[in-house]
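Enquirer: My structure is below; once you've seen it, I'll send some questions.
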Amino acid sequence: MRHGWARKSLVLALAVVLCFGATGLAGCSGQKESTEETSGQGPVETIKVGVQTALTGPLPDYGDAAKKGCELAAKDFGTFEMNGKTYKVELVVLDDKAEPAEAAVVAQTMVDDGVVGVIGSLTTGATLSAIPIYAQNRIPLISGSVTGPKANESGVDTFYRTCWSDAIQGEALAAWAQELGAKKVVLMDDNGAYAVGLADVAEKALKSAGVQTLRQNCQSGDKDLSAQVANIKEFGPDAVIFTGYHPEAGLLRKQMIESGLGDVIFMGGDGIKSTEFIAEAGGTKNAEGCYATFGGFPEAQQPGYEEFAAKYEKAYGAKVGPYAQNNYDAFGALIAAIKAAGSTNTEDIIAALQNLTYEGVTGTFSFASKAEGSVARGDIVVEGLTPANVPRYVVKNGEWVGVE
Amino acid sequence: MIYALIALGYTMVYGVLKFINFAHGEIFTIGGYVSAFTLLALGVSDSMSFATLAGCLLLALLGAVAAPVIVGLVVERVAYRPLRGRSRIMPLLSAIGVSIVLQQLIILIFGPTPITMPTLKIASAAVSLFGVRVRVLALAIIVISALLMVALSYLVRSTRIGKAMRATSQDMEAAEMMGIETDKTIVFTFIVGSALAGIGGLLVLMYYGSLKFDAGFLYGLKAFTAAVLGGIGNIPGAVLGALVLGMTETYGVSMDLGLIAWLVVAGLVAGLYVQMVRVPRHRLLHIANDRRTPDYERRIMNVYRLAPYHAVKTLLGERTDALLSVSASHAVRLTVGNIFLAATAAIFFINGSARIDTRWQPVIAFVVLMVILMFRPSGILGEHITEKV
Amino acid sequence: MAAFTQTVRSAFTKVPRWVYLTAAWVLAALFPVLNALDLVQTAWIRVGVLSLLFALLALGLNIIMGETGLLNLGYIAFFAFGAYTTALLSSPKFDLHWPFAALIVVSALVAMLGGFLIGLPTLRLRGDYLAIVTLAFGEIVRLTIVNVPTLTNGPNGITGIDFLKPLGPGVTARLQSAGLPQAVSNLLTIDKPTEYYYLVLVCVALGALLLSNLKNSRVGRAWNALREDELAAVSSGITASRMKLLSVLLSSAIAGFAGSLYAYYSNVISPESFIFMQSVIVVCMVVLGGMGSIPGVILGAIVLQALPQVIRESAGAARSEFEVYRMLVFGVIIVAMVVLRPEGLLPDKLWRGQAHEADPRELERTRQTLFDLEEGEQDLEA
């Protein structure tokens, strides 16, 4: 009995978990009954909307923001009147760990739960594996953060998104680099689906315009990019476009400056447009003059952003997280579609989504009803957007500010 | 180079307990997070006087050592000690469980966003050394790693507790009978290992400015690789392994694949296949002396004509003849190996000075690991703390 | 208390093994019926499919780990070989649509080839070094998949894999155009979770049958002998390298087979499914279930694969808020299970006596075993 107490404490921990589980089960069954009661003839009807995101796994910060965006939207649009009845939305938030196999299980759980629509998922891989299940069960899926151009390659009518496809940003980055007079450009990604997709589009656009390019990669999580920096140095580019996320982007910028490449134009997609980038690049001085495009209008141009940010900060005491407003809009659009359809039948909602024009926080948009060029079915179609007026940002005095 | 500190911790624990502590990477992350948290809480900035700054850093170091040590101790007590004396695979499994738990705890306590250190001048200061700009911190990391390596070697070789560690590693029961408190010794090992990981966490944080909750996984994996590379359980081996790994990762991809690389690759491929057909020496000699019939001689001569015999002979020395005479099937295999070699060489030759794409960087590190282990199955410097008395 | 557990234990051991086994298979076969009766959500069927797929994988790994005693930390690579072979040959990627029967075999063969290439030079390594080399191999395979987008679409993965048509797409299409009733032709396409569940269940049953026969054969005994004491085994006439290679080939073939089924099932495959952590999870399944024990390994796979969903659902009404803590609980449960049952959930009787042994070649072997037996008694009381 040498290890008695360790053993006992573990048994205790297990018991606590099990108790928790048991009470949870009891709660679950109780709550089920109450929904059935209210869904009868009562004036209040509860409908379920799923939020499939990644709260654990590699990107919990994005998942957290998506969840908060949806919660906020549920507070704002969650209760509405339709056909003389009051509808109340109950959020079902499930975590798919950004893992494809888990995403399929989560999608099925959502379907089983009888949700009328789902906001999600966070990442391309998970979304790809969830799309067939939602399509088969005819449930609309609206993602506020999946920007991969290939997300809806199969062209199903149940997938929509309220964030811009990378194709838009890739073309914008290429156009901007040329405007800045770059003749030799290094494109670097972090081997993730998002960054590779974005870099592919930009590389294609640059090459067709006759710009010399070099492609480099790192792994997300890398801390030492000296090999890549050495290669960049040898190539001698005018601009470097890093399409991954801020941790590696900051390091790249920092290590480039340290090896004397401070004059090279540093550009990136929306993965680097965060305040962390500035700190990770080694402070205000290093980050000064870095450019980034963004998959959405600048916050000042987003009609409802100020109000949204105030609400968000009030509710969570933190700055608005990545894609929170897109998820907020996704939820809003879903409710608008339900209202437009005048029913909670998912078939009607899908039909309504295709003809919907929604005025959200990020602007007024509708969804593409068919695939065309780099636009896939269900992609967001923003009013008045061309590749040339995709929002541009630059770091000035330690802050990202919009470029006119 | 930073792998060295983490690899040292791995090696310590492995040397004594003979099991892979997968949670070591997470302990490293905790060190980094706690020190960043301390620095943020203290509001460290460049405007502080040097003394206060040094004080703050010292405090952060204290945190970076204390927190991992506490976590390491708890983990050892709860997850590893009950499994002592059982198969080696079970602690591995529980280590994986622990690593999941620790990672989630980091997220829950510090939030899901990567933690960033306040920017400090000393962290980015650089000096010119032999015409190359080197960061002071990089030098500091090298110096600290070297110092710790020496200190650890001294600890293991020449102190009482070191002797106890070696004894525990060799035979736990016998050590216990000799009056060594193995539990205490193991706890001490964990303290040292965790403290090293914590210091590693602080240095990585200082060097790169930020740390993500799952950084420990990748670092742990690479540090483990480094430890195995140098011969796990061997303290200088861990540092050497880290050095080799770091070098291959950095220079492996920026290397111009000219003639040198061509030769290296060719040599490796040849070696790999020779390794495949290796037969015990006594059997080789036996066969070489007794079974050389004219028929064999003829077949061997055929092989000589096919294969770049002299190249192989340079690689293998005297054993070549014996090796070739083992049997016809071995000879055929060797020939196939040579054809393969020639093909590989040709591909690289045609590509000429083509660079390896940076995306293959981790692959190179792993290939180097595999090849080294195939040639030197117990790492570059051999294993075991114990044997280095 | 101790007396009571003793009574219960002896009562349970009096029931013959086959009763348990039959009961387990019958329960497994009846599981989808619960879904049809609306007692169980369809998500559980999907969890079941994944669990069984991983059970198949764990069975494969059990050959090399449990029977032959070689630790493999890159096992998921063979799974990836199978999945990608199937995906490439039955998707719009190259516009190839091979029939199911051919693909299952080809996938297994490709995985076997991978096993052969890695097994040949590395099998001489022992213990942890073999583990680290296989780990490196697994990572190399994954990174290669990520890095060769022309073949594998890189990180984007391959989408639109054909539905599983047991008779092959050609025959099915011809039958359908020949005016086969819709209900029958629906059965010719396996696309519903329940259908996959039964398919995989049959595969697991066949795999278990094959392996339990193998285990009691000459080959199985040779493997066990190698695991217990390689030197002694070789001296009694076992060709170590050939036997080891055989076990590697067989286990990689099973992984390739499972990979093929996975590709069909998920319709989409991407490198995220083949990360190092997955290899570790499969190892955990084998160890947790009890190395070398076929029912144990299957149980281990089911427990580990279903656990996250069990934790999710047991949070009930608080489910949405509880998601953040799910993996934490998962980790705690793994540690708890290992600490409380170090022999695995259903340890193999043959294996049990030696389960505590680190390296069979260590000198103090007998003494250690005796010592552990004493400890084992304490375990029963605790």
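Just remember, in the structure tokens the first chain shown is A, the second B, etc., residues are 1-based per chain, and ligands are 1-based in the order shown.
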Would you list which chain C residues are within 8 Å of chain A using only C-alpha atoms, as a VMD selection string?

Expert: chain C and resid 41 to 44 46 to 47 50 146 to 147 154 to 157 159 to 160 266 to 270 272 to 273 311 313 to 321 323 to 324 327 329 333 336 339 to 340 378

Enquirer: Looking only at the backbone, which of the residues in segment 78-237 of chain C does DSSP tag as strand (DSSP E or B), as a short mmCIF file (atom, residue, chain, number, x, y, z; two decimals) with N, CA, C and O atoms, in the first residue's frame?

Expert:
data_model
loop_
_atom_site.label_atom_id
_atom_site.label_comp_id
_atom_site.auth_asym_id
_atom_site.auth_seq_id
_atom_site.Cartn_x
_atom_site.Cartn_y
_atom_site.Cartn_z
N SER C 90 -9.91 6.25 -56.24
CA SER C 90 -11.37 6.27 -56.36
C SER C 90 -11.92 7.65 -56.07
O SER C 90 -12.83 7.82 -55.28
N SER C 91 -11.31 8.66 -56.66
CA SER C 91 -11.80 10.01 -56.44
C SER C 91 -11.61 10.82 -57.72
O SER C 91 -10.95 10.37 -58.66
N LEU C 96 -10.05 8.41 -61.35
CA LEU C 96 -10.01 6.95 -61.34
C LEU C 96 -11.10 6.46 -60.39
O LEU C 96 -11.34 7.07 -59.37
N HIS C 97 -11.75 5.40 -60.76
CA HIS C 97 -12.80 4.88 -59.88
C HIS C 97 -12.70 3.37 -59.83
O HIS C 97 -13.51 2.66 -60.41
N ILE C 158 -7.80 15.17 -49.89
CA ILE C 158 -8.51 14.71 -51.08
C ILE C 158 -9.99 14.63 -50.75
O ILE C 158 -10.38 14.01 -49.76
N LEU C 164 -18.86 3.70 -51.17
CA LEU C 164 -18.42 2.30 -51.23
C LEU C 164 -19.48 1.45 -51.92
O LEU C 164 -20.61 1.35 -51.45
N ILE C 190 -22.91 1.55 -50.01
CA ILE C 190 -22.81 1.71 -48.55
C ILE C 190 -22.49 3.16 -48.28
O ILE C 190 -21.40 3.66 -48.59
#

Enquirer: Specify as a short mmCIF file (atom, residue, chain, number, x, y, z; two decimals) with all heavy atoms, in the first residue's frame all residues of chain A found within 8 Å of chain B, counting only C-alpha atoms.

Expert:
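Here's the written file selection.cif:
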data_model
loop_
_atom_site.label_atom_id
_atom_site.label_comp_id
_atom_site.auth_asym_id
_atom_site.auth_seq_id
_atom_site.Cartn_x
_atom_site.Cartn_y
_atom_site.Cartn_z
N HIS A 3 1.52 3.19 -2.38
CA HIS A 3 1.02 4.30 -3.20
C HIS A 3 -0.43 4.57 -2.88
O HIS A 3 -1.20 4.97 -3.72
CB HIS A 3 1.18 3.98 -4.66
CG HIS A 3 2.46 3.29 -4.94
ND1 HIS A 3 3.66 3.84 -4.56
CD2 HIS A 3 2.73 2.10 -5.52
CE1 HIS A 3 4.61 3.00 -4.91
NE2 HIS A 3 4.08 1.94 -5.48
N ALA A 6 -2.07 8.15 -3.59
CA ALA A 6 -2.16 8.53 -5.01
C ALA A 6 -3.33 7.78 -5.64
O ALA A 6 -4.14 8.33 -6.37
CB ALA A 6 -0.88 8.17 -5.71
N ARG A 7 -3.40 6.51 -5.28
CA ARG A 7 -4.46 5.68 -5.83
C ARG A 7 -5.82 6.19 -5.41
O ARG A 7 -6.73 6.33 -6.20
CB ARG A 7 -4.25 4.26 -5.31
CG ARG A 7 -4.78 3.22 -6.22
CD ARG A 7 -4.15 1.93 -5.85
NE ARG A 7 -2.87 1.81 -6.52
CZ ARG A 7 -2.48 0.67 -7.08
NH1 ARG A 7 -3.24 -0.38 -7.01
NH2 ARG A 7 -1.33 0.59 -7.70
N THR A 56 -10.65 23.05 -28.20
CA THR A 56 -9.36 22.46 -27.85
C THR A 56 -8.65 22.18 -29.17
O THR A 56 -9.19 22.52 -30.22
CB THR A 56 -9.54 21.16 -27.06
OG1 THR A 56 -10.28 20.25 -27.86
CG2 THR A 56 -10.26 21.40 -25.76
N PRO A 58 -5.39 22.71 -31.88
CA PRO A 58 -4.33 23.69 -32.11
C PRO A 58 -4.75 25.16 -32.09
O PRO A 58 -3.90 26.02 -31.96
CB PRO A 58 -3.81 23.30 -33.50
CG PRO A 58 -4.93 22.58 -34.14
CD PRO A 58 -5.68 21.91 -33.05
N LEU A 59 -6.04 25.46 -32.26
CA LEU A 59 -6.43 26.88 -32.39
C LEU A 59 -7.53 27.29 -31.42
O LEU A 59 -8.56 27.82 -31.83
CB LEU A 59 -6.90 27.16 -33.83
CG LEU A 59 -5.86 27.23 -34.91
CD1 LEU A 59 -6.52 27.24 -36.27
CD2 LEU A 59 -4.98 28.46 -34.74
N PRO A 60 -7.35 27.08 -30.13
CA PRO A 60 -8.44 27.38 -29.22
C PRO A 60 -8.76 28.87 -29.13
O PRO A 60 -9.88 29.23 -28.79
CB PRO A 60 -7.93 26.85 -27.88
CG PRO A 60 -6.46 26.83 -28.00
CD PRO A 60 -6.16 26.59 -29.44
N ASP A 61 -7.80 29.74 -29.46
CA ASP A 61 -8.10 31.18 -29.39
C ASP A 61 -9.13 31.58 -30.44
O ASP A 61 -10.04 32.35 -30.16
CB ASP A 61 -6.82 32.02 -29.49
CG ASP A 61 -5.84 31.49 -30.52
OD1 ASP A 61 -6.03 30.35 -30.99
OD2 ASP A 61 -4.88 32.21 -30.85
N ASP A 64 -12.53 30.09 -29.43
CA ASP A 64 -13.11 30.86 -28.34
C ASP A 64 -13.81 32.11 -28.87
O ASP A 64 -14.94 32.42 -28.49
CB ASP A 64 -11.97 31.24 -27.37
CG ASP A 64 -12.49 31.81 -26.08
OD1 ASP A 64 -13.40 31.19 -25.52
OD2 ASP A 64 -12.01 32.88 -25.68
N ASN A 191 2.53 25.71 -44.29
CA ASN A 191 2.14 24.34 -44.58
C ASN A 191 0.73 23.99 -44.12
O ASN A 191 0.32 22.85 -44.23
CB ASN A 191 3.12 23.34 -43.97
CG ASN A 191 4.08 22.83 -45.01
OD1 ASN A 191 3.85 23.02 -46.20
ND2 ASN A 191 5.15 22.24 -44.57
N GLN A 216 8.62 29.54 -50.17
CA GLN A 216 9.26 29.00 -48.98
C GLN A 216 8.18 28.51 -48.02
O GLN A 216 7.03 28.91 -48.12
CB GLN A 216 10.09 30.08 -48.28
CG GLN A 216 11.31 30.51 -49.06
CD GLN A 216 12.42 29.49 -49.01
OE1 GLN A 216 12.92 29.14 -47.97
NE2 GLN A 216 12.80 28.99 -50.17
N ASN A 217 8.58 27.64 -47.09
CA ASN A 217 7.61 27.14 -46.11
C ASN A 217 8.23 27.01 -44.75
O ASN A 217 9.43 26.90 -44.61
CB ASN A 217 7.13 25.73 -46.47
CG ASN A 217 6.88 25.58 -47.92
OD1 ASN A 217 7.80 25.49 -48.70
ND2 ASN A 217 5.63 25.58 -48.28
N CYS A 218 7.38 27.01 -43.76
CA CYS A 218 7.83 26.60 -42.43
C CYS A 218 6.73 25.73 -41.86
O CYS A 218 5.70 25.52 -42.49
CB CYS A 218 8.11 27.80 -41.54
SG CYS A 218 6.66 28.79 -41.21
N GLN A 219 6.95 25.21 -40.66
CA GLN A 219 5.89 24.47 -39.98
C GLN A 219 5.27 25.41 -38.96
O GLN A 219 5.99 26.18 -38.33
CB GLN A 219 6.49 23.28 -39.23
CG GLN A 219 6.98 22.19 -40.12
CD GLN A 219 5.83 21.39 -40.69
OE1 GLN A 219 4.90 21.03 -40.00
NE2 GLN A 219 5.89 21.13 -41.98
N GLY A 221 4.41 26.54 -35.57
CA GLY A 221 5.05 26.14 -34.32
C GLY A 221 6.56 26.24 -34.38
O GLY A 221 7.23 26.14 -33.37
N LYS A 223 10.20 27.75 -34.40
CA LYS A 223 10.74 28.91 -33.70
C LYS A 223 11.99 29.43 -34.40
O LYS A 223 12.42 30.55 -34.17
CB LYS A 223 11.10 28.53 -32.25
CG LYS A 223 9.90 28.19 -31.40
CD LYS A 223 9.13 29.43 -31.01
CE LYS A 223 7.86 29.08 -30.29
NZ LYS A 223 6.86 30.10 -30.34
N SER A 226 15.86 30.45 -39.48
CA SER A 226 17.09 30.97 -40.09
C SER A 226 17.36 30.36 -41.46
O SER A 226 17.91 31.03 -42.33
CB SER A 226 18.27 30.75 -39.15
OG SER A 226 18.18 29.51 -38.52
N ALA A 227 16.94 29.10 -41.64
CA ALA A 227 17.17 28.49 -42.95
C ALA A 227 16.39 29.23 -44.02
O ALA A 227 16.92 29.56 -45.09
CB ALA A 227 16.74 27.03 -42.91
N GLN A 228 15.13 29.53 -43.72
CA GLN A 228 14.30 30.23 -44.69
C GLN A 228 14.84 31.63 -44.94
O GLN A 228 14.87 32.11 -46.08
CB GLN A 228 12.85 30.32 -44.18
CG GLN A 228 12.10 29.01 -44.21
CD GLN A 228 12.29 28.18 -42.95
OE1 GLN A 228 13.24 28.36 -42.20
NE2 GLN A 228 11.38 27.25 -42.73
N ALA A 230 17.86 32.62 -44.69
CA ALA A 230 19.06 32.53 -45.53
C ALA A 230 18.67 32.40 -47.00
O ALA A 230 19.25 33.05 -47.88
CB ALA A 230 19.90 31.33 -45.10
N ASN A 231 17.67 31.57 -47.27
CA ASN A 231 17.21 31.41 -48.65
C ASN A 231 16.64 32.71 -49.21
O ASN A 231 16.88 33.06 -50.36
CB ASN A 231 16.14 30.32 -48.73
CG ASN A 231 16.74 28.94 -48.57
OD1 ASN A 231 17.96 28.80 -48.51
ND2 ASN A 231 15.90 27.93 -48.49
N PRO A 247 2.24 34.08 -35.15
CA PRO A 247 3.43 33.69 -34.39
C PRO A 247 4.67 33.50 -35.27
O PRO A 247 5.73 34.03 -34.97
CB PRO A 247 3.02 32.36 -33.74
CG PRO A 247 1.55 32.40 -33.69
CD PRO A 247 1.12 33.16 -34.91
N LEU A 251 8.06 36.10 -35.98
CA LEU A 251 9.43 35.57 -35.91
C LEU A 251 10.17 35.83 -37.21
O LEU A 251 11.34 36.23 -37.22
CB LEU A 251 9.40 34.06 -35.65
CG LEU A 251 8.95 33.65 -34.28
CD1 LEU A 251 8.91 32.14 -34.20
CD2 LEU A 251 9.92 34.19 -33.25
N GLU A 258 17.03 40.95 -38.19
CA GLU A 258 18.30 40.64 -37.55
C GLU A 258 19.37 40.25 -38.57
O GLU A 258 20.56 40.42 -38.33
CB GLU A 258 18.12 39.50 -36.54
CG GLU A 258 17.67 40.02 -35.20
CD GLU A 258 16.94 38.97 -34.38
OE1 GLU A 258 17.07 37.77 -34.69
OE2 GLU A 258 16.23 39.37 -33.43
N SER A 259 18.95 39.70 -39.70
CA SER A 259 19.97 39.37 -40.70
C SER A 259 20.00 40.41 -41.82
O SER A 259 20.38 40.11 -42.94
CB SER A 259 19.76 37.96 -41.24
OG SER A 259 18.43 37.83 -41.65
N GLU A 276 -0.69 40.86 -31.65
CA GLU A 276 0.39 39.97 -31.23
C GLU A 276 1.55 39.99 -32.20
O GLU A 276 2.69 39.87 -31.81
CB GLU A 276 -0.12 38.52 -31.11
CG GLU A 276 -0.83 38.20 -29.82
CD GLU A 276 -2.31 38.13 -30.03
OE1 GLU A 276 -2.79 38.72 -31.03
OE2 GLU A 276 -2.99 37.48 -29.21
N ALA A 279 4.12 42.55 -31.26
CA ALA A 279 4.96 42.13 -30.13
C ALA A 279 5.90 41.02 -30.56
O ALA A 279 7.09 41.02 -30.23
CB ALA A 279 4.08 41.67 -28.99
N GLU A 280 5.37 40.07 -31.34
CA GLU A 280 6.18 38.92 -31.71
C GLU A 280 7.27 39.28 -32.70
O GLU A 280 8.30 38.60 -32.79
CB GLU A 280 5.29 37.83 -32.30
CG GLU A 280 4.59 37.04 -31.21
CD GLU A 280 3.29 36.42 -31.66
OE1 GLU A 280 2.93 36.55 -32.85
OE2 GLU A 280 2.61 35.82 -30.83
N GLY A 282 9.04 41.71 -32.36
CA GLY A 282 10.10 42.34 -31.58
C GLY A 282 9.82 43.81 -31.32
O GLY A 282 10.73 44.61 -31.13
N GLY A 283 8.56 44.18 -31.34
CA GLY A 283 8.20 45.53 -30.92
C GLY A 283 7.88 46.46 -32.07
O GLY A 283 8.00 46.12 -33.25
#

Enquirer: Would you pick out the contacts of segment 392-400 of chain A at 8 Å or less, using only C-alpha atoms, so that residues sharing its chain but fewer than 6 positions from it are not included, and give the list as a PyMOL selection string?

Expert: chain A and resi 273-275+278+283-285+287-294+298

Enquirer: Suppose we keep C-alpha atoms; can you now write the selection as a CSV table (one decimal), in the first residue's frame?

Expert:
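So part-v4.csv came out as:
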chain,number,residue,atom,x,y,z
A,273,LYS,CA,-3.1,41.3,-38.8
A,274,SER,CA,-3.2,41.1,-35.0
A,275,THR,CA,-1.6,43.0,-32.3
A,278,ILE,CA,3.8,43.5,-33.4
A,283,GLY,CA,8.2,45.5,-30.9
A,284,THR,CA,7.0,48.7,-32.6
A,285,LYS,CA,10.2,49.4,-34.4
A,287,ALA,CA,6.9,45.8,-37.1
A,288,GLU,CA,6.7,49.4,-38.5
A,289,GLY,CA,5.7,49.4,-42.1
A,290,CYS,CA,4.5,45.8,-42.4
A,291,TYR,CA,1.5,45.4,-44.7
A,292,ALA,CA,-1.5,43.2,-44.4
A,293,THR,CA,-4.6,42.6,-46.3
A,294,PHE,CA,-7.7,41.6,-44.5
A,298,PRO,CA,-11.6,47.5,-42.1
